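Only one structure is covered here, and it is reproduced in the block below.
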Amino acid sequence: GYWLKAGQLATARSALAEATAHLHKGLELLAKLPNLPERAQIELDFQLTLGACLTSSKGFSAPEVQAVYDRALELCQGLGDASEYFAALHGMWWLRYTRGDAKIACTLAEQLVRLAERRGDTALRIAAQACKQAFLLKIREAFAASYKQLHELRKQLAELEAGEREKAQREDLLRYQVNEIVTSAEVLERVQPSPALLQAVLRTKHLMNPEVLAL
């Protein structure tokens, strides 16, 4: 119990490197003891304390953090419905949630809700529902961001298409002198018809003088 207590006290003082060293030392000594339920319970306390310490110092992205919570959950399964199971499950949920593992985070949130209901503990129910709602909020935010991005892409495409149309119209105006054709009936009468000219005129029909359009 000495190394566990030393690790907990160091963690409380935010001396995280010192706490990690104490906890690893305790786990090394613990590994030499017979594999009994009592040892598993003590190791679980070590692993959960170490998990909290490592997440504070390295964040949930650190590989050793997942190893700690994997081991904690394994110990809980061996001990049955251990009281620490919620803490181990909650730590793993945080890890998956912050990494963006949506499917696993959703499954873990549901497990937390069921476990809290089974325990009949109000505080655990609130914590479990908070996990579930945080996940749902993240999903809604992702959908909103995707919709916004899609809307922006559609807007950019429309602007690009409009720009291409305007470019084609300007080229037609210069190449075929369509500006004069669509605004002057006299010029139109002198022009030699051709498919290319007709196509250019049709693309710029909206520029036509009403008198020309009536011809």
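Here, A, B, ... name the chains of the structure tokens in the order displayed, residue numbers run from 1 inside each chain, and ligands are numbered from 1 in the same displayed order.
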Practice item. Tell me, as a PyMOL selection string, which residues lie within 12 Å of A:Ile104, counting only C-alpha atoms; anything in the same chain fewer than 4 positions away does not count. Key: chain A and resi 89+92-100+108-111+132+135
Practice item. Mind checking which residues fall within 9 Å of stretch 4-6 of chain A, counting only C-alpha atoms, ignoring those fewer than 3 positions away in the same chain, and posting them as an MDAnalysis selection string? Key: chainID A and resid 1 9:11 18:19 22:23 26:27 42 45:46 49
Check your understanding: What is the atom CA of A:Gln129-atom CA of A:Val113 distance in Å, reported with one decimal?
Key ->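 It comes out at 6.4 Å.
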Point to revise | Counting only C-alpha atoms, the residue of A:Ala67, A:Leu112, A:Ala88, A:Ala31 that sits nearest A:Ile126 | key: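 For A:Ile126, the nearest of the given residues is A:Leu112.
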Exercise for review: Find, counting only C-alpha atoms, the residue in A:Ser14, A:Gln47, A:Ser83, A:Ser57 that gets nearest to A:Tyr69.
Suggested key: A:Gln47
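You can rank A:Arg39, A:His90, A:Lys155, A:Lys32 by their closest distance to A:Leu75 using only C-alpha atoms, and at the top of that list sits A:Arg39.
If you measure from each of A:Ala40, A:Ala62, A:Cys106, A:Leu115 to A:Gly78 using only C-alpha atoms, the closest one turns out to be A:Ala40.
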Exercise for review: Apply DSSP to the backbone of this structure and, from stretch 36-126 of chain A, keep only the residues in helix (DSSP H, G or I); write these as number ranges by chain.
Suggested key: A: 37-58, 63-79, 85-99, 102-119, 122-126
Practice item. Find the spatial neighbours of A:Val65, counting only C-alpha atoms, within a cut-off of 7 Å - ignore same-chain residues fewer than 3 positions away - and output them as a list of chain:residue names. Key: A:Gly51, A:Leu54, A:Thr55, A:Phe60, A:Ala62, A:Val68, A:Tyr69
